[in-house]
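Data file: input.txt. Format and content: compact mmCIF, C-alpha atoms.
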```
# COMPACT_ATOMS: atom_id res chain seq x y z
CA MET H 1 47.19 90.20 10.15
CA LYS H 2 47.65 87.34 12.60
CA VAL H 3 50.18 87.52 15.43
CA SER H 4 51.22 84.55 17.56
CA VAL H 5 52.55 85.17 21.07
CA ILE H 6 54.72 82.23 22.16
CA THR H 7 55.66 81.90 25.83
CA PRO H 8 57.77 79.20 27.48
CA PHE H 9 56.35 78.32 30.90
CA TYR H 10 58.43 76.93 33.75
CA ASN H 11 56.83 76.75 37.22
CA GLY H 12 55.40 80.19 36.49
CA ASN H 13 51.81 80.16 37.72
CA GLU H 14 52.51 83.23 39.86
CA TYR H 15 52.82 85.17 36.60
CA MET H 16 49.82 83.73 34.78
CA ASP H 17 47.08 86.06 36.09
CA PRO H 18 48.82 89.29 35.01
CA TYR H 19 50.00 87.58 31.81
CA GLN H 20 46.46 86.56 30.96
CA GLU H 21 45.00 89.99 31.76
CA MET H 22 47.73 91.73 29.72
CA LEU H 23 47.05 89.70 26.57
CA LEU H 24 43.27 89.97 26.88
CA LEU H 25 43.65 93.78 27.04
CA ASN H 26 45.91 93.64 24.00
CA GLU H 27 43.31 91.62 22.14
CA GLU H 28 40.63 94.18 23.02
CA ASN H 29 42.79 96.96 21.59
CA MET H 30 43.36 95.23 18.25
CA ASP H 31 41.34 95.97 15.13
CA PRO H 32 38.61 93.36 14.44
CA GLU H 33 40.28 92.24 11.21
CA ASP H 34 43.50 91.34 13.04
CA GLU H 35 43.97 88.15 15.04
CA LEU H 36 45.89 87.15 18.16
CA GLU H 37 47.02 83.62 18.93
CA VAL H 38 48.52 82.73 22.32
CA ILE H 39 50.62 79.59 22.72
CA ILE H 40 51.99 78.70 26.15
CA VAL H 41 54.62 75.98 26.10
CA ASN H 42 54.78 74.11 29.39
CA ASP H 43 58.40 73.12 29.98
CA SER H 44 57.76 72.07 33.61
CA PRO H 45 57.90 68.30 34.10
CA LYS H 46 55.60 68.34 37.15
CA ALA H 47 53.56 71.57 36.96
CA ALA H 48 50.38 72.38 35.04
CA VAL H 49 49.60 75.82 33.61
CA LYS H 50 46.76 77.46 35.53
CA LEU H 51 44.61 79.84 33.51
CA GLN H 52 41.38 81.48 34.57
CA GLY H 53 37.94 82.28 33.14
CA THR H 54 37.28 82.86 29.47
CA VAL H 55 40.70 81.91 28.13
CA MET H 56 40.05 78.31 29.15
CA VAL H 57 37.59 78.02 26.26
CA LYS H 58 39.02 80.52 23.79
CA LYS H 59 40.08 78.81 20.58
CA ASN H 60 42.99 81.19 20.06
CA TRP H 61 44.65 80.19 23.38
CA LYS H 62 46.57 76.94 23.42
CA VAL H 63 48.71 75.21 26.05
CA ILE H 64 51.13 72.56 24.85
CA LYS H 65 53.40 70.43 27.04
CA ASN H 66 56.92 69.38 26.19
CA PRO H 67 57.56 65.63 26.54
CA GLU H 68 60.67 66.55 28.55
CA ASN H 69 62.40 69.69 29.76
CA LEU H 70 63.69 71.40 26.59
CA GLY H 71 64.81 74.78 27.91
CA ILE H 72 63.85 78.20 26.56
CA HIS H 73 65.09 77.74 22.99
CA GLY H 74 63.51 74.31 22.60
CA SER H 75 60.24 75.59 24.05
CA ARG H 76 60.16 78.56 21.69
CA LEU H 77 60.68 76.19 18.78
CA ALA H 78 57.89 73.90 20.05
CA GLY H 79 55.55 76.89 20.09
CA LEU H 80 56.77 78.02 16.68
CA SER H 81 55.93 74.62 15.17
CA GLU H 82 52.36 74.91 16.52
CA CYS H 83 51.61 78.55 15.74
CA THR H 84 49.56 79.71 12.76
CA GLY H 85 50.35 83.43 12.80
CA ASP H 86 52.30 85.23 10.11
CA TYR H 87 54.18 87.16 12.81
CA VAL H 88 55.62 85.99 16.12
CA ILE H 89 56.34 87.62 19.48
CA PHE H 90 58.49 85.48 21.80
CA LEU H 91 57.36 86.61 25.24
CA ASP H 92 58.68 85.35 28.58
CA GLN H 93 56.26 84.42 31.36
CA ASP H 94 57.32 87.35 33.58
CA ASP H 95 57.42 89.96 30.79
CA GLU H 96 54.94 92.78 30.37
CA LEU H 97 53.53 94.39 27.23
CA ARG H 98 51.68 97.69 27.18
CA LYS H 99 47.96 97.11 26.68
CA ASP H 100 48.11 98.39 23.10
CA ALA H 101 51.51 96.92 22.24
CA ILE H 102 50.37 94.32 19.72
CA ALA H 103 48.08 96.83 17.99
CA CYS H 104 51.06 99.20 17.70
CA PHE H 105 53.29 96.44 16.30
CA ILE H 106 50.64 95.57 13.71
CA ALA H 107 50.12 99.21 12.72
CA GLU H 108 53.87 99.65 12.22
CA ALA H 109 54.12 96.42 10.20
CA LYS H 110 51.26 97.53 7.94
CA GLN H 111 52.92 100.90 7.45
CA VAL H 112 56.25 99.28 6.55
CA ALA H 113 54.48 96.88 4.19
CA SER H 114 52.63 99.71 2.41
CA GLU H 115 55.86 101.66 1.91
CA LYS H 116 58.41 98.92 1.19
CA SER H 117 56.64 95.75 0.09
CA SER H 118 55.06 94.65 -3.16
CA ASP H 119 53.08 91.77 -1.65
CA GLY H 120 51.43 93.58 1.27
CA ASN H 121 53.53 91.85 3.91
CA CYS H 122 56.14 93.26 6.25
CA HIS H 123 59.52 91.63 5.69
CA GLN H 124 61.28 93.31 8.60
CA VAL H 125 61.69 92.71 12.32
CA ILE H 126 59.86 95.44 14.24
CA VAL H 127 61.80 96.38 17.40
CA ALA H 128 60.04 98.62 19.94
CA ASN H 129 61.63 100.67 22.67
CA ALA H 130 61.48 99.18 26.14
CA LEU H 131 61.58 99.94 29.83
CA LEU H 132 64.36 98.17 31.69
CA GLU H 133 63.44 97.57 35.31
CA GLN H 134 66.24 97.45 37.83
CA LYS H 135 66.02 96.90 41.58
CA HIS H 136 65.03 100.47 42.42
CA GLU H 137 64.03 102.12 39.13
CA ARG H 138 62.91 101.81 35.53
CA ALA H 139 64.81 103.37 32.65
CA ILE H 140 64.08 103.73 28.96
CA TRP H 141 66.37 101.49 26.93
CA TYR H 142 67.04 103.37 23.68
CA ARG H 143 67.89 106.87 24.90
CA THR H 144 69.62 108.26 21.83
CA ALA H 145 69.09 108.20 18.07
CA TYR H 146 72.59 106.74 17.76
CA HIS H 147 71.54 103.71 19.82
CA SER H 148 68.29 103.06 17.97
CA LYS H 149 70.17 103.16 14.64
CA LYS H 150 72.43 100.34 15.86
CA ILE H 151 69.55 97.89 16.35
CA GLY H 152 70.07 96.43 12.88
CA ASP H 153 73.86 96.73 12.68
CA LEU H 154 75.58 93.34 12.73
CA ASN H 155 79.00 94.76 13.64
CA THR H 156 77.55 96.20 16.84
CA TYR H 157 76.28 92.75 17.87
CA ILE H 158 79.72 91.27 17.18
CA ASN H 159 81.86 94.01 18.75
CA ILE H 160 79.63 95.34 21.56
CA GLY H 161 76.86 92.86 22.33
CA THR H 162 73.16 92.35 21.76
CA GLN H 163 71.15 95.55 21.46
CA ILE H 164 67.75 94.01 22.16
CA ILE H 165 66.80 93.32 25.77
CA SER H 166 64.37 90.55 24.91
CA PRO H 167 62.49 89.13 21.91
CA GLY H 168 59.38 90.27 23.79
CA GLN H 169 60.00 93.76 22.40
CA CYS H 170 60.05 92.45 18.82
CA MET H 171 57.51 91.29 16.26
CA ILE H 172 59.16 88.87 13.84
CA PRO H 173 57.85 87.67 10.46
CA LYS H 174 57.64 83.92 10.95
CA ASN H 175 59.00 83.09 7.50
CA LEU H 176 62.21 85.05 8.18
CA ILE H 177 63.30 82.92 11.15
CA PRO H 178 66.41 81.07 9.91
CA ASP H 179 66.37 77.29 9.59
CA PHE H 180 69.79 77.18 11.27
CA TRP H 181 68.23 78.60 14.46
CA LYS H 182 65.51 75.95 14.29
CA THR H 183 67.92 73.03 13.90
CA HIS H 184 70.68 74.09 16.33
CA VAL H 185 68.86 74.04 19.64
CA MET H 186 70.72 75.50 22.60
CA LYS H 187 70.93 73.62 25.89
CA ASN H 188 72.09 76.62 27.93
CA ASN H 189 69.42 79.25 28.56
CA GLY H 190 69.98 82.95 28.15
CA ALA H 191 71.20 83.83 24.66
CA ASP H 192 69.13 82.01 22.04
CA ASP H 193 67.65 85.39 21.06
CA TYR H 194 71.14 86.87 20.60
CA PHE H 195 71.88 83.86 18.39
CA LEU H 196 68.70 84.59 16.41
CA TRP H 197 69.53 88.27 15.84
CA ILE H 198 73.03 87.50 14.59
CA LEU H 199 71.74 84.88 12.16
CA MET H 200 69.02 87.18 10.83
CA LEU H 201 71.34 90.16 10.45
CA GLN H 202 73.97 88.03 8.73
CA GLU H 203 71.28 86.98 6.26
CA GLY H 204 70.43 90.64 5.61
CA VAL H 205 67.05 90.80 7.35
CA PRO H 206 66.18 94.49 8.04
CA PHE H 207 65.27 95.65 11.54
CA THR H 208 62.86 98.59 11.93
CA TYR H 209 62.75 100.71 15.09
CA LEU H 210 59.38 101.59 16.64
CA ASP H 211 59.89 104.54 18.96
CA LYS H 212 57.35 103.53 21.61
CA PRO H 213 58.14 101.82 24.95
CA LEU H 214 55.81 98.86 24.44
CA TYR H 215 57.69 96.32 26.54
CA ILE H 216 58.78 96.14 30.19
CA HIS H 217 61.59 93.86 31.25
CA HIS H 218 60.92 93.10 34.91
CA PHE H 219 63.62 92.67 37.51
CA THR H 220 63.29 89.30 39.25
CA ALA H 221 65.76 87.11 41.06
CA LYS H 222 64.80 84.28 38.70
CA ASN H 223 65.59 86.25 35.56
CA ILE H 224 68.30 84.35 33.73
CA SER H 225 69.53 87.37 31.72
CA SER H 226 70.74 89.05 34.91
CA ASP H 227 73.24 86.22 35.44
CA THR H 228 76.14 87.14 33.15
CA LYS H 229 77.97 83.84 33.78
CA GLU H 230 74.96 81.82 32.66
CA THR H 231 74.34 84.09 29.70
CA ASP H 232 78.00 83.90 28.65
CA ARG H 233 77.86 80.09 28.73
CA SER H 234 74.88 80.31 26.42
CA CYS H 235 76.76 82.70 24.12
CA TYR H 236 79.78 80.39 23.92
CA GLU H 237 77.44 77.56 22.95
CA PHE H 238 75.96 79.42 19.99
CA ILE H 239 79.41 80.64 18.93
CA GLU H 240 80.38 76.96 18.52
CA TYR H 241 77.38 76.57 16.21
CA LEU H 242 78.35 79.69 14.25
CA GLU H 243 81.89 78.36 13.82
CA GLU H 244 80.48 75.32 12.02
CA LYS H 245 77.92 77.25 9.95
CA GLU H 246 78.74 77.33 6.27
CA GLY H 247 79.07 80.88 5.00
CA PHE H 248 79.38 82.50 8.41
CA PRO H 249 82.62 84.53 8.55
CA LYS H 250 85.14 82.93 10.91
CA ASP H 251 86.34 86.40 11.82
CA TYR H 252 82.90 87.26 13.23
CA ALA H 253 82.91 84.24 15.54
CA MET H 254 86.46 84.99 16.68
CA ARG H 255 85.70 88.67 17.40
CA LEU H 256 82.51 87.77 19.25
CA LYS H 257 84.32 85.27 21.49
CA GLU H 258 87.15 87.72 22.16
CA MET H 259 84.68 90.46 23.11
CA LEU H 260 82.82 88.20 25.55
CA THR H 261 85.94 86.79 27.22
CA THR H 262 87.46 90.27 27.57
CA LYS H 263 84.34 91.71 29.18
CA ASP H 264 84.02 88.75 31.52
CA ALA H 265 87.63 89.17 32.65
CA PHE H 266 87.12 92.92 33.07
CA ARG H 267 83.94 92.52 35.15
CA ASN H 268 85.60 90.06 37.52
CA GLY H 269 89.11 91.52 37.64
CA SER H 270 90.86 93.59 40.28
CA VAL H 271 91.86 97.19 39.58
CA PHE H 272 95.29 96.08 38.43
CA GLN H 273 93.82 93.30 36.28
CA LYS H 274 91.45 95.80 34.67
CA LEU H 275 94.38 98.05 33.85
CA GLY H 276 96.17 95.09 32.28
CA ILE H 277 93.14 94.31 30.14
CA CYS H 278 92.97 97.94 28.98
CA ILE H 279 96.61 97.69 27.88
CA LYS H 280 96.24 94.30 26.18
CA LYS H 281 92.82 94.88 24.56
CA PRO H 282 92.60 98.64 23.92
CA GLY H 283 90.43 98.28 20.81
CA ILE H 284 87.64 96.40 22.63
CA ILE H 285 87.75 98.71 25.66
CA ILE H 286 87.73 101.93 23.63
CA ARG H 287 84.94 100.77 21.30
CA ASN H 288 82.75 99.87 24.25
CA LEU H 289 83.45 103.05 26.20
CA ILE H 290 82.60 105.18 23.16
CA PHE H 291 79.44 103.14 22.65
CA LYS H 292 78.34 103.62 26.25
CA LEU H 293 78.96 107.36 26.04
CA ARG H 294 77.04 107.74 22.79
CA THR H 295 74.10 105.57 23.89
CA HIS H 296 73.94 106.71 27.54
CA THR H 297 73.67 103.04 28.50
CA ARG H 298 74.31 102.66 32.20
CA TYR H 299 73.71 99.05 33.11
CA GLY H 300 76.71 96.78 33.01
CA PHE H 301 79.76 96.51 30.83
CA ASN H 302 78.31 93.53 29.01
CA ARG H 303 76.22 95.39 26.42
```
Written as structure tokens, that's how I'd like the structure from this file.
Amino acid sequence: MKVSVITPFYNGNEYMDPYQEMLLLNEENMDPEDELEVIIVNDSPKAAVKLQGTVMVKKNWKVIKNPENLGIHGSRLAGLSECTGDYVIFLDQDDELRKDAIACFIAEAKQVASEKSSDGNCHQVIVANALLEQKHERAIWYRTAYHSKKIGDLNTYINIGTQIISPGQCMIPKNLIPDFWKTHVMKNNGADDYFLWILMLQEGVPFTYLDKPLYIHHFTAKNISSDTKETDRSCYEFIEYLEEKEGFPKDYAMRLKEMLTTKDAFRNGSVFQKLGICIKKPGIIIRNLIFKLRTHTRYGFNR
């Protein structure tokens, strides 16, 4: 089994040493018959990627440079067009994988394939548990069985929000990535993965939960996902694409937009404004409060 790790790079040389060490350790922990390919997509107009030692000559490590700044989605697609793996992990430059993460992903994919596939391939997205790092602590992401069961539930993504912190905690069969995601490239960073999950779930792609915390989402001031305004702009952009997509239910796009605008108003409203929102949008508020109680999710009202 061959896995391609695709990483957009933007002025990120401070992360390259730990990134390099992490993936070399992962490669060491893989079975000899399995393969790892690493593709770093340089999206920095004026910076070069600085790697050290053996990876400079390893055939399975490749650095490609965008002709212009394409953003995260465009860079992921550039890496996707170059990769040769059957499975893809979209990893950010400041993300961290456990040293045996890729081996665990592969083992789970082989198990799923042996149980549910006639051609020996895994036709499901493998989603591992994760550690979410905040300013002063780390917390496990999926804390309850209820939450982990919602990973592959499209209605939850429409009514509540994305249930995956980052594509770095997922191994995706390359041939299941929708063409619509490849041709509708987002300019605003932050939610192209949310866009991807909705498209895949709407097409009926199964998601399988791997109950191991293989991924760490680091807290950094540069992390775009911590900026809800920026992420919301990115969400509104992909909703416009969904509204024009043939076969995508208009009701889904409308509910998704209503959920996002309501949560944005709630986050930024005064006490009296919050009360008004609760009166005007009781369905959205109640659904989200019940979800937070059942999942024990603490961080933010935007999930």
- Message: Give me the residues near Asp34 of chain H as a ChimeraX atom specification, where near means some atom within 12 Å (using all atoms listed in the file) and where sequence neighbours in that chain fewer than 4 positions away do not count.
- Response: /H:1-4,26-30,85-87,102-107,110
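Distances to Ile89 of chain H were evaluated for H:Phe291, H:Tyr146, H:Tyr215, H:Tyr241 using only C-alpha atoms, and the minimum falls at H:Tyr215.
Interatomic distance, atom CA of Ala128 of chain H to atom CA of Pro213 of chain H: 6.2 Å.
A straight line drawn from atom CA of Asn66 of chain H to atom CA of Ile6 of chain H is 13.6 Å long.
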- Item | Coordinates-based distance that separates atom CA of Met254 of chain H from atom CA of Asn175 of chain H (Å, one decimal) | 29.0 Å
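Each of H:Gly283, H:Pro206, H:Pro32, H:Pro8 was compared to Asn159 of chain H using all atoms listed in the file, and H:Gly283 turns out to be the nearest.
For Leu25 of chain H, the set of protein, DNA and RNA residues having any atom at most 12 Å away, when counting all atoms listed in the file and skipping those fewer than 3 positions along the same chain, is Pro18, Tyr19, Gln20, Glu21, Met22, Glu28, Asn29, Met30, Leu36, Glu96, Leu97, Arg98, Lys99, Asp100, Ala101, Ile102 and Ala103 of chain H.
Checking H:Ile151, H:Phe219, H:Met171, H:Leu196 one by one against Ala139 of chain H, counting only C-alpha atoms, you find the shortest gap at H:Phe219.
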